[in-house]
>>> print(open('my_file28.pdb').read())   # PDB, C-alpha atoms and all ligand atoms
ATOM      1  CA  MET A   1       0.000   0.000   0.000
ATOM      2  CA  LYS A   2       1.482   3.367  -1.040
ATOM      3  CA  LYS A   3       1.909   5.963   1.689
ATOM      4  CA  VAL A   4       1.276   9.667   1.297
ATOM      5  CA  LEU A   5       1.478  12.755   3.514
ATOM      6  CA  VAL A   6      -0.805  15.705   2.760
ATOM      7  CA  THR A   7       0.010  18.891   4.698
ATOM      8  CA  GLY A   8      -2.751  21.317   5.725
ATOM      9  CA  ALA A   9      -5.375  18.605   5.305
ATOM     10  CA  ASN A  10      -7.736  19.150   8.236
ATOM     11  CA  LYS A  11     -10.111  21.096   5.955
ATOM     12  CA  GLY A  12     -10.686  22.410   2.448
ATOM     13  CA  ILE A  13      -9.013  20.867  -0.593
ATOM     14  CA  GLY A  14      -6.397  18.962   1.428
ATOM     15  CA  TYR A  15      -9.115  17.123   3.370
ATOM     16  CA  GLU A  16     -10.732  16.038   0.111
ATOM     17  CA  VAL A  17      -7.357  14.967  -1.302
ATOM     18  CA  VAL A  18      -6.961  12.693   1.737
ATOM     19  CA  ARG A  19     -10.458  11.254   1.276
ATOM     20  CA  GLN A  20      -9.965  10.575  -2.446
ATOM     21  CA  LEU A  21      -6.473   9.074  -2.053
ATOM     22  CA  ALA A  22      -7.741   6.791   0.729
ATOM     23  CA  GLU A  23     -10.518   5.677  -1.631
ATOM     24  CA  GLN A  24      -7.833   4.941  -4.252
ATOM     25  CA  GLY A  25      -6.070   2.556  -1.857
ATOM     26  CA  PHE A  26      -3.369   4.822  -0.392
ATOM     27  CA  PHE A  27      -2.489   4.944   3.303
ATOM     28  CA  VAL A  28      -2.773   8.643   4.075
ATOM     29  CA  TYR A  29      -1.154  10.710   6.816
ATOM     30  CA  LEU A  30      -3.427  13.730   7.297
ATOM     31  CA  GLY A  31      -1.213  16.679   8.198
ATOM     32  CA  SER A  32      -2.620  19.379  10.453
ATOM     33  CA  ARG A  33      -0.913  22.126  12.473
ATOM     34  CA  ASP A  34      -3.554  21.704  15.192
ATOM     35  CA  GLN A  35      -3.571  18.210  16.724
ATOM     36  CA  LYS A  36      -7.261  18.349  17.696
ATOM     37  CA  LYS A  37      -8.422  19.560  14.277
ATOM     38  CA  GLY A  38      -6.342  16.846  12.609
ATOM     39  CA  GLN A  39      -7.783  14.091  14.793
ATOM     40  CA  ALA A  40     -11.337  15.429  14.286
ATOM     41  CA  ALA A  41     -10.810  15.311  10.513
ATOM     42  CA  VAL A  42      -9.486  11.735  10.730
ATOM     43  CA  ASP A  43     -12.432  10.702  12.941
ATOM     44  CA  GLN A  44     -14.844  12.172  10.385
ATOM     45  CA  LEU A  45     -13.134  10.345   7.504
ATOM     46  CA  ARG A  46     -13.088   7.044   9.385
ATOM     47  CA  ALA A  47     -16.788   7.451  10.234
ATOM     48  CA  SER A  48     -17.466   7.777   6.503
ATOM     49  CA  GLY A  49     -15.582   4.538   5.774
ATOM     50  CA  ALA A  50     -11.978   5.653   5.096
ATOM     51  CA  ALA A  51      -9.983   3.242   7.277
ATOM     52  CA  ASN A  52      -6.414   3.929   6.154
ATOM     53  CA  VAL A  53      -6.063   7.472   7.460
ATOM     54  CA  GLU A  54      -3.972   8.724  10.391
ATOM     55  CA  ALA A  55      -3.347  12.205  11.782
ATOM     56  CA  LEU A  56       0.112  13.792  11.842
ATOM     57  CA  THR A  57       0.678  17.102  13.619
ATOM     58  CA  ILE A  58       2.826  19.355  11.438
ATOM     59  CA  ASP A  59       3.063  23.150  11.326
ATOM     60  CA  VAL A  60       5.031  23.681   8.128
ATOM     61  CA  ALA A  61       6.082  27.190   9.192
ATOM     62  CA  SER A  62       7.827  25.849  12.310
ATOM     63  CA  ALA A  63      11.193  24.103  11.882
ATOM     64  CA  ASP A  64      10.743  22.356  15.247
ATOM     65  CA  SER A  65       7.297  21.058  14.335
ATOM     66  CA  VAL A  66       8.496  19.811  10.930
ATOM     67  CA  THR A  67      11.465  18.023  12.526
ATOM     68  CA  ALA A  68       9.215  16.421  15.157
ATOM     69  CA  ALA A  69       6.699  15.349  12.494
ATOM     70  CA  ALA A  70       9.435  13.715  10.397
ATOM     71  CA  ALA A  71      10.709  11.841  13.465
ATOM     72  CA  GLU A  72       7.176  10.699  14.310
ATOM     73  CA  LEU A  73       6.618   9.530  10.739
ATOM     74  CA  MET A  74       9.934   7.644  10.708
ATOM     75  CA  ALA A  75       8.751   5.740  13.784
ATOM     76  CA  LYS A  76       5.494   4.806  12.017
ATOM     77  CA  THR A  77       6.625   3.913   8.495
ATOM     78  CA  ASP A  78       9.742   2.786   6.627
ATOM     79  CA  ARG A  79       8.988   4.908   3.577
ATOM     80  CA  LEU A  80       6.882   7.701   2.092
ATOM     81  CA  ASP A  81       5.782   7.377  -1.544
ATOM     82  CA  VAL A  82       4.185  10.788  -1.998
ATOM     83  CA  LEU A  83       4.544  14.160  -0.260
ATOM     84  CA  ILE A  84       1.847  16.720  -1.093
ATOM     85  CA  ASN A  85       2.834  20.226   0.031
ATOM     86  CA  ASN A  86      -0.709  21.586   0.293
ATOM     87  CA  ALA A  87      -0.657  23.821   3.408
ATOM     88  CA  ALA A  88      -0.992  27.519   2.623
ATOM     89  CA  ILE A  89      -2.389  30.833   3.781
ATOM     90  CA  SER A  90      -3.722  33.598   1.519
ATOM     91  CA  GLY A  91      -2.997  36.533   3.859
ATOM     92  CA  SER A  92      -5.074  39.562   4.748
ATOM     93  CA  LYS A  93      -5.960  42.318   2.275
ATOM     94  CA  PRO A  94      -4.880  44.689   0.820
ATOM     95  CA  GLN A  95      -1.652  43.061  -0.307
ATOM     96  CA  GLU A  96      -0.312  45.242  -3.128
ATOM     97  CA  LEU A  97       3.474  44.825  -3.156
ATOM     98  CA  SER A  98       3.954  48.621  -3.219
ATOM     99  CA  ALA A  99       2.603  48.886   0.310
ATOM    100  CA  ILE A 100       2.314  45.488   1.979
ATOM    101  CA  ASP A 101       3.729  45.194   5.473
ATOM    102  CA  ILE A 102       6.954  43.187   5.160
ATOM    103  CA  THR A 103       6.159  41.144   8.266
ATOM    104  CA  GLN A 104       2.922  40.024   6.619
ATOM    105  CA  LEU A 105       4.747  39.198   3.382
ATOM    106  CA  LYS A 106       7.320  37.147   5.290
ATOM    107  CA  GLU A 107       4.531  35.242   7.071
ATOM    108  CA  LEU A 108       3.073  34.298   3.691
ATOM    109  CA  PHE A 109       6.452  33.090   2.443
ATOM    110  CA  ASP A 110       7.183  31.259   5.725
ATOM    111  CA  THR A 111       4.151  29.020   5.192
ATOM    112  CA  ASN A 112       3.686  28.817   1.420
ATOM    113  CA  PHE A 113       7.325  28.714   0.256
ATOM    114  CA  PHE A 114       9.816  28.045   3.066
ATOM    115  CA  GLY A 115       7.258  25.733   4.712
ATOM    116  CA  ALA A 116       7.072  23.527   1.620
ATOM    117  CA  ILE A 117      10.860  23.440   1.281
ATOM    118  CA  GLN A 118      11.600  22.591   4.902
ATOM    119  CA  THR A 119       8.893  19.918   4.891
ATOM    120  CA  THR A 120      10.370  18.410   1.721
ATOM    121  CA  GLN A 121      13.889  18.417   3.172
ATOM    122  CA  ALA A 122      12.712  16.738   6.384
ATOM    123  CA  MET A 123      10.791  14.029   4.499
ATOM    124  CA  LEU A 124      13.540  13.257   1.960
ATOM    125  CA  PRO A 125      15.038  10.330   3.945
ATOM    126  CA  LEU A 126      11.629   8.614   3.945
ATOM    127  CA  LEU A 127      10.899   9.527   0.316
ATOM    128  CA  GLU A 128      14.264   8.067  -0.737
ATOM    129  CA  LYS A 129      13.085   4.664   0.511
ATOM    130  CA  ALA A 130      10.179   4.619  -1.991
ATOM    131  CA  ASP A 131      10.524   3.007  -5.445
ATOM    132  CA  GLN A 132       9.081   6.012  -7.279
ATOM    133  CA  PRO A 133       8.941   8.968  -4.866
ATOM    134  CA  VAL A 134       6.728  11.920  -5.740
ATOM    135  CA  ILE A 135       6.897  15.500  -4.451
ATOM    136  CA  LEU A 136       3.808  17.458  -5.411
ATOM    137  CA  ASN A 137       3.560  21.176  -4.707
ATOM    138  CA  VAL A 138       0.044  22.637  -4.617
ATOM    139  CA  SER A 139       0.399  25.904  -6.486
ATOM    140  CA  SER A 140      -2.019  28.325  -8.139
ATOM    141  CA  GLU A 141      -2.765  30.007 -11.461
ATOM    142  CA  LEU A 142      -1.748  33.172  -9.595
ATOM    143  CA  GLY A 143       1.801  31.813  -9.518
ATOM    144  CA  SER A 144       1.969  31.549 -13.313
ATOM    145  CA  LEU A 145       3.986  34.458 -14.729
ATOM    146  CA  THR A 146       2.637  33.615 -18.196
ATOM    147  CA  MET A 147      -0.944  33.981 -16.988
ATOM    148  CA  GLN A 148      -0.079  37.114 -14.953
ATOM    149  CA  THR A 149       1.325  38.764 -18.119
ATOM    150  CA  SER A 150      -1.512  37.606 -20.384
ATOM    151  CA  GLU A 151      -3.900  40.159 -21.937
ATOM    152  CA  ASN A 152      -6.696  37.989 -20.507
ATOM    153  CA  ARG A 153      -5.364  38.256 -16.953
ATOM    154  CA  ASN A 154      -8.207  38.131 -14.428
ATOM    155  CA  PRO A 155      -8.470  41.644 -12.832
ATOM    156  CA  ASN A 156      -9.752  40.099  -9.578
ATOM    157  CA  TRP A 157      -6.307  38.586  -9.026
ATOM    158  CA  SER A 158      -5.144  42.019  -7.782
ATOM    159  CA  ASN A 159      -6.510  41.077  -4.368
ATOM    160  CA  PHE A 160      -3.886  38.351  -4.118
ATOM    161  CA  TYR A 161      -0.585  39.962  -5.263
ATOM    162  CA  ALA A 162       1.517  38.802  -2.301
ATOM    163  CA  TYR A 163      -0.047  35.332  -2.176
ATOM    164  CA  GLY A 164       0.561  34.958  -5.932
ATOM    165  CA  SER A 165       4.240  35.823  -5.497
ATOM    166  CA  THR A 166       4.623  32.954  -2.981
ATOM    167  CA  LYS A 167       3.196  30.549  -5.548
ATOM    168  CA  THR A 168       5.557  31.854  -8.260
ATOM    169  CA  ALA A 169       8.408  31.122  -5.844
ATOM    170  CA  MET A 170       6.954  27.680  -5.179
ATOM    171  CA  ASN A 171       6.887  26.996  -8.926
ATOM    172  CA  ALA A 172      10.589  27.919  -9.101
ATOM    173  CA  PHE A 173      11.176  25.429  -6.277
ATOM    174  CA  THR A 174       9.395  22.743  -8.336
ATOM    175  CA  ILE A 175      11.419  23.432 -11.494
ATOM    176  CA  LEU A 176      14.792  23.677  -9.769
ATOM    177  CA  LEU A 177      14.289  20.621  -7.533
ATOM    178  CA  ALA A 178      13.197  18.654 -10.618
ATOM    179  CA  HIS A 179      16.460  19.731 -12.310
ATOM    180  CA  GLU A 180      18.445  18.742  -9.217
ATOM    181  CA  PHE A 181      16.817  15.280  -9.183
ATOM    182  CA  LYS A 182      16.957  14.762 -12.974
ATOM    183  CA  GLY A 183      17.857  11.174 -13.839
ATOM    184  CA  SER A 184      16.869   9.931 -10.368
ATOM    185  CA  LYS A 185      13.730   8.034  -9.360
ATOM    186  CA  PHE A 186      12.160  11.257  -7.969
ATOM    187  CA  THR A 187       9.497  13.303  -9.724
ATOM    188  CA  VAL A 188       8.679  16.852  -8.651
ATOM    189  CA  ASN A 189       5.620  18.700  -9.995
ATOM    190  CA  SER A 190       3.296  21.611  -9.301
ATOM    191  CA  VAL A 191      -0.469  21.325  -9.546
ATOM    192  CA  THR A 192      -3.339  23.773  -9.137
ATOM    193  CA  PRO A 193      -6.814  22.810  -7.943
ATOM    194  CA  GLY A 194      -8.448  25.756  -9.774
ATOM    195  CA  PHE A 195     -10.658  28.385  -8.135
ATOM    196  CA  THR A 196     -12.337  26.454  -5.313
ATOM    197  CA  ALA A 197     -14.767  27.504  -2.562
ATOM    198  CA  THR A 198     -12.725  27.283   0.670
ATOM    199  CA  ASP A 199     -11.747  29.421   3.669
ATOM    200  CA  LEU A 200      -8.743  30.631   1.651
ATOM    201  CA  ASN A 201     -10.941  32.865  -0.537
ATOM    202  CA  GLY A 202     -14.015  33.342   1.694
ATOM    203  CA  PHE A 203     -15.751  30.484  -0.141
ATOM    204  CA  THR A 204     -15.999  32.476  -3.393
ATOM    205  CA  GLY A 205     -14.511  29.782  -5.665
ATOM    206  CA  PHE A 206     -16.498  28.053  -8.426
ATOM    207  CA  LYS A 207     -15.412  24.491  -7.680
ATOM    208  CA  THR A 208     -16.289  22.329  -4.687
ATOM    209  CA  PRO A 209     -13.336  21.096  -2.576
ATOM    210  CA  ALA A 210     -13.953  17.599  -3.981
ATOM    211  CA  GLN A 211     -13.613  18.968  -7.549
ATOM    212  CA  GLY A 212     -10.522  20.975  -6.573
ATOM    213  CA  ALA A 213      -8.928  17.846  -5.128
ATOM    214  CA  GLU A 214      -9.317  15.840  -8.354
ATOM    215  CA  PRO A 215      -6.344  17.253 -10.349
ATOM    216  CA  ILE A 216      -4.142  16.933  -7.242
ATOM    217  CA  VAL A 217      -5.065  13.275  -6.762
ATOM    218  CA  LYS A 218      -4.557  12.615 -10.492
ATOM    219  CA  ALA A 219      -1.129  14.280 -10.449
ATOM    220  CA  ALA A 220      -0.144  12.392  -7.280
ATOM    221  CA  ILE A 221      -0.933   9.068  -8.946
ATOM    222  CA  GLU A 222       0.369   9.818 -12.450
ATOM    223  CA  SER A 223       3.625  11.492 -11.323
ATOM    224  CA  ALA A 224       5.043   8.198  -9.995
ATOM    225  CA  GLY A 225       7.644   7.197 -12.572
ATOM    226  CA  GLY A 226       6.120   9.782 -14.920
ATOM    227  CA  PRO A 227       6.715  13.386 -15.949
ATOM    228  CA  THR A 228       8.764  15.724 -13.756
ATOM    229  CA  GLY A 229       9.166  19.517 -13.645
ATOM    230  CA  LYS A 230       5.582  20.111 -14.852
ATOM    231  CA  PHE A 231       2.691  22.323 -13.726
ATOM    232  CA  PHE A 232      -0.663  20.532 -13.951
ATOM    233  CA  GLN A 233      -4.302  21.610 -13.755
ATOM    234  CA  ALA A 234      -7.567  19.778 -14.463
ATOM    235  CA  GLY A 235      -7.350  18.729 -18.095
ATOM    236  CA  GLY A 236      -3.696  19.470 -18.810
ATOM    237  CA  GLU A 237      -0.714  21.688 -18.119
ATOM    238  CA  VAL A 238      -0.468  25.304 -16.916
ATOM    239  CA  PRO A 239       2.095  27.601 -18.590
ATOM    240  CA  TRP A 240       4.804  28.659 -16.133
TER     241      TRP A 240
HETATM  242  N1  LIG A 301      -9.088  27.564  -2.940
HETATM  243  C1  LIG A 301      -8.598  27.937  -4.116
HETATM  244  O1  LIG A 301      -9.294  28.561  -4.947
HETATM  245  C2  LIG A 301      -7.194  27.618  -4.477
HETATM  246  C3  LIG A 301      -6.756  27.936  -5.774
HETATM  247  C4  LIG A 301      -5.441  27.633  -6.137
HETATM  248  C5  LIG A 301      -4.613  27.016  -5.213
HETATM  249  N2  LIG A 301      -5.065  26.726  -3.958
HETATM  250  C6  LIG A 301      -4.152  26.046  -3.038
HETATM  251  O2  LIG A 301      -4.771  24.867  -2.550
HETATM  252  C7  LIG A 301      -4.200  24.537  -1.264
HETATM  253  C8  LIG A 301      -5.295  24.258  -0.261
HETATM  254  O3  LIG A 301      -5.985  25.473  -0.010
HETATM  255  P1  LIG A 301      -7.529  25.518   0.429
HETATM  256  O4  LIG A 301      -8.231  26.336  -0.586
HETATM  257  O5  LIG A 301      -8.039  24.185   0.758
HETATM  258  O6  LIG A 301      -7.419  26.436   1.740
HETATM  259  P2  LIG A 301      -7.959  26.247   3.233
HETATM  260  O7  LIG A 301      -9.317  25.634   3.252
HETATM  261  O8  LIG A 301      -7.752  27.569   3.877
HETATM  262  O9  LIG A 301      -6.950  25.169   3.849
HETATM  263  C9  LIG A 301      -5.620  25.511   4.075
HETATM  264  C10 LIG A 301      -5.038  24.448   4.981
HETATM  265  O10 LIG A 301      -3.656  24.789   5.237
HETATM  266  C11 LIG A 301      -3.460  24.746   6.649
HETATM  267  N3  LIG A 301      -2.348  25.581   7.076
HETATM  268  C12 LIG A 301      -2.197  26.921   7.033
HETATM  269  N4  LIG A 301      -1.012  27.284   7.552
HETATM  270  C13 LIG A 301      -0.386  26.132   7.934
HETATM  271  C14 LIG A 301       0.847  25.828   8.542
HETATM  272  N5  LIG A 301       1.709  26.785   8.900
HETATM  273  N6  LIG A 301       1.156  24.538   8.773
HETATM  274  C15 LIG A 301       0.300  23.548   8.439
HETATM  275  N7  LIG A 301      -0.906  23.767   7.893
HETATM  276  C16 LIG A 301      -1.241  25.049   7.633
HETATM  277  C17 LIG A 301      -4.784  25.168   7.253
HETATM  278  O11 LIG A 301      -4.840  24.786   8.615
HETATM  279  P3  LIG A 301      -5.763  25.586   9.699
HETATM  280  O12 LIG A 301      -7.130  24.981   9.619
HETATM  281  O13 LIG A 301      -5.072  25.300  10.999
HETATM  282  O14 LIG A 301      -5.762  27.039   9.326
HETATM  283  C18 LIG A 301      -5.715  24.366   6.354
HETATM  284  O15 LIG A 301      -5.763  23.027   6.769
HETATM  285  C19 LIG A 301      -3.293  25.722  -0.893
HETATM  286  O16 LIG A 301      -1.956  25.425  -1.248
HETATM  287  C20 LIG A 301      -3.799  26.845  -1.792
HETATM  288  O17 LIG A 301      -2.842  27.834  -2.035
HETATM  289  C21 LIG A 301      -6.333  27.005  -3.572
END
>>> encode(input="my_file28.pdb", output="structure tokens", more="lines below")
Ligand SMILES: NC(=O)c1ccc[n+]([C@@H]2O[C@H](COP(=O)([O-])OP(=O)(O)OC[C@H]3O[C@@H](n4cnc5c(N)ncnc54)[C@H](OP(=O)(O)O)[C@@H]3O)[C@@H](O)[C@H]2O)c1
Amino acid sequence: MKKVLVTGANKGIGYEVVRQLAEQGFFVYLGSRDQKKGQAAVDQLRASGAANVEALTIDVASADSVTAAAAELMAKTDRLDVLINNAAISGSKPQELSAIDITQLKELFDTNFFGAIQTTQAMLPLLEKADQPVILNVSSELGSLTMQTSENRNPNWSNFYAYGSTKTAMNAFTILLAHEFKGSKFTVNSVTPGFTATDLNGFTGFKTPAQGAEPIVKAAIESAGGPTGKFFQAGGEVPW
């Protein structure tokens, strides 16, 4: 049975990714920065029939928490097949880069960018034990420089300038880690769920969390031994 860790999975898209991967036969570690929220999410999933789900407390913005989570996981399993760096915050508004408070900008990067990198680094020893390890970074259309410079750019994206810049950085992490691991058994990809109704955007998205989870689950499964250094969305690739 393949084993996967999904960070930030006590609610929203991550929760649905856990549910769908468990349905697909994975053993899923449900990452949550709050132990009680993580256990409540696992209890809810188990009550609905998902047996192979376990909570793991991990605050991706805290080096100590990430180190402790990796140690806990190493005591539970001999390998990790898939890491899904899903945890993120969108930040308060306004967030135009001409005026944003630098402390707020750093908080966004601490979770969305540095959090994904330090989680990946901590989980590498377990990922290396898998036959076809997968690192999947949950990004956003707002991180695509091609889409940001398109004539058809969505004007509503202005509300999310700082958040978008963290996802552009995350995409660079995907590309450069894929280069670093080229020729190895690792694959490293970005994926976007699309605009989904969750806490992150005040539930304004068009998709349900279950629909948003679908391209992430697909990419998690198809990345094993497959393409690397790509940016996926439902139905295909996103331009960088
Ligand atoms: N919703 C969209 O339209 C959309 C579009 C494109 C990309 N995305 C991406 O999809 C992913 C999931 O977002 P979502 O829409 O499901 O948002 P969400 O409902 O707000 O869920 C975010 C999750 O991340 C967790 N989290 C935040 N900071 C964390 C930290 N420091 N350590 C660990 N967990 C942390 C939250 O935990 P708490 O409950 O403790 O806050 C929550 O479980 C994110 O990467 C987001 O950027 C979303």
>>> residues_near_point(input="my_file28.pdb", point="(-11.5, 34.5, 0.4)", cutoff="10 Å", atoms="all atoms listed in the file", output="list of chain:residue names")
A:Ser90, A:Gly91, A:Ser92, A:Lys93, A:Asn159, A:Phe160, A:Thr196, A:Ala197, A:Thr198, A:Asp199, A:Leu200, A:Asn201, A:Gly202, A:Phe203, A:Thr204, A:Gly205
>>> resolve_selection(input="my_file28.pdb", expression="the PyMOL selection byres (((chain A and resi 40-51) around 12) and not hetatm)", output="PyMOL selection string")
chain A and resi 8-12+14-32+34-39+52-57
>>> atom_distance(input="my_file28.pdb", atom1="atom CA of Gly183 of chain A", atom2="atom CA of Gly225 of chain A")
11.0 Å
>>> closest_residue(input="my_file28.pdb", among="A:Ala172, A:Ala70, A:Ile13, A:Ala130", to="Ser144 of chain A", atoms="all atoms listed in the file")
A:Ala172
>>> axis_aligned_box(input="my_file28.pdb", around="segment 225-235 of chain A", padding_each_side="4 Å", output="lines of an AutoDock Vina configuration file")
center_x = 0.8
center_y = 14.8
center_z = -15.3
size_x = 24.7
size_y = 23.1
size_z = 13.5
>>> residues_around(input="my_file28.pdb", residues="segment 103-120 of chain A", least_positions_apart="6", cutoff="6 Å", atoms="only C-alpha atoms", output="list in words")
Val60, Ala61, Asn85, Ala88, Thr166 and Met170 of chain A
>>> write_last_selection(input="my_file28.pdb", atoms="C-alpha atoms", output="tab-separated table (two decimals), keeping the file's coordinate frame")
chain	number	residue	atom	x	y	z
A	60	VAL	CA	5.03	23.68	8.13
A	61	ALA	CA	6.08	27.19	9.19
A	85	ASN	CA	2.83	20.23	0.03
A	88	ALA	CA	-0.99	27.52	2.62
A	166	THR	CA	4.62	32.95	-2.98
A	170	MET	CA	6.95	27.68	-5.18
>>> residues_around(input="my_file28.pdb", residues="segment 232-234 of chain A", least_positions_apart="3", cutoff="9 Å", atoms="only C-alpha atoms", output="PyMOL selection string")
chain A and resi 141+189-194+212+214-216+218-219+237-239
>>> write_last_selection(input="my_file28.pdb", atoms="C-alpha atoms", output="CSV table (one decimal), in the coordinates of the input")
chain,number,residue,atom,x,y,z
A,141,GLU,CA,-2.8,30.0,-11.5
A,189,ASN,CA,5.6,18.7,-10.0
A,190,SER,CA,3.3,21.6,-9.3
A,191,VAL,CA,-0.5,21.3,-9.5
A,192,THR,CA,-3.3,23.8,-9.1
A,193,PRO,CA,-6.8,22.8,-7.9
A,194,GLY,CA,-8.4,25.8,-9.8
A,212,GLY,CA,-10.5,21.0,-6.6
A,214,GLU,CA,-9.3,15.8,-8.4
A,215,PRO,CA,-6.3,17.3,-10.3
A,216,ILE,CA,-4.1,16.9,-7.2
A,218,LYS,CA,-4.6,12.6,-10.5
A,219,ALA,CA,-1.1,14.3,-10.4
A,237,GLU,CA,-0.7,21.7,-18.1
A,238,VAL,CA,-0.5,25.3,-16.9
A,239,PRO,CA,2.1,27.6,-18.6
>>> closest_residue(input="my_file28.pdb", among="A:Phe173, A:Ile221, A:Tyr163, A:Ala75", to="Lys2 of chain A", atoms="only C-alpha atoms")
A:Ile221
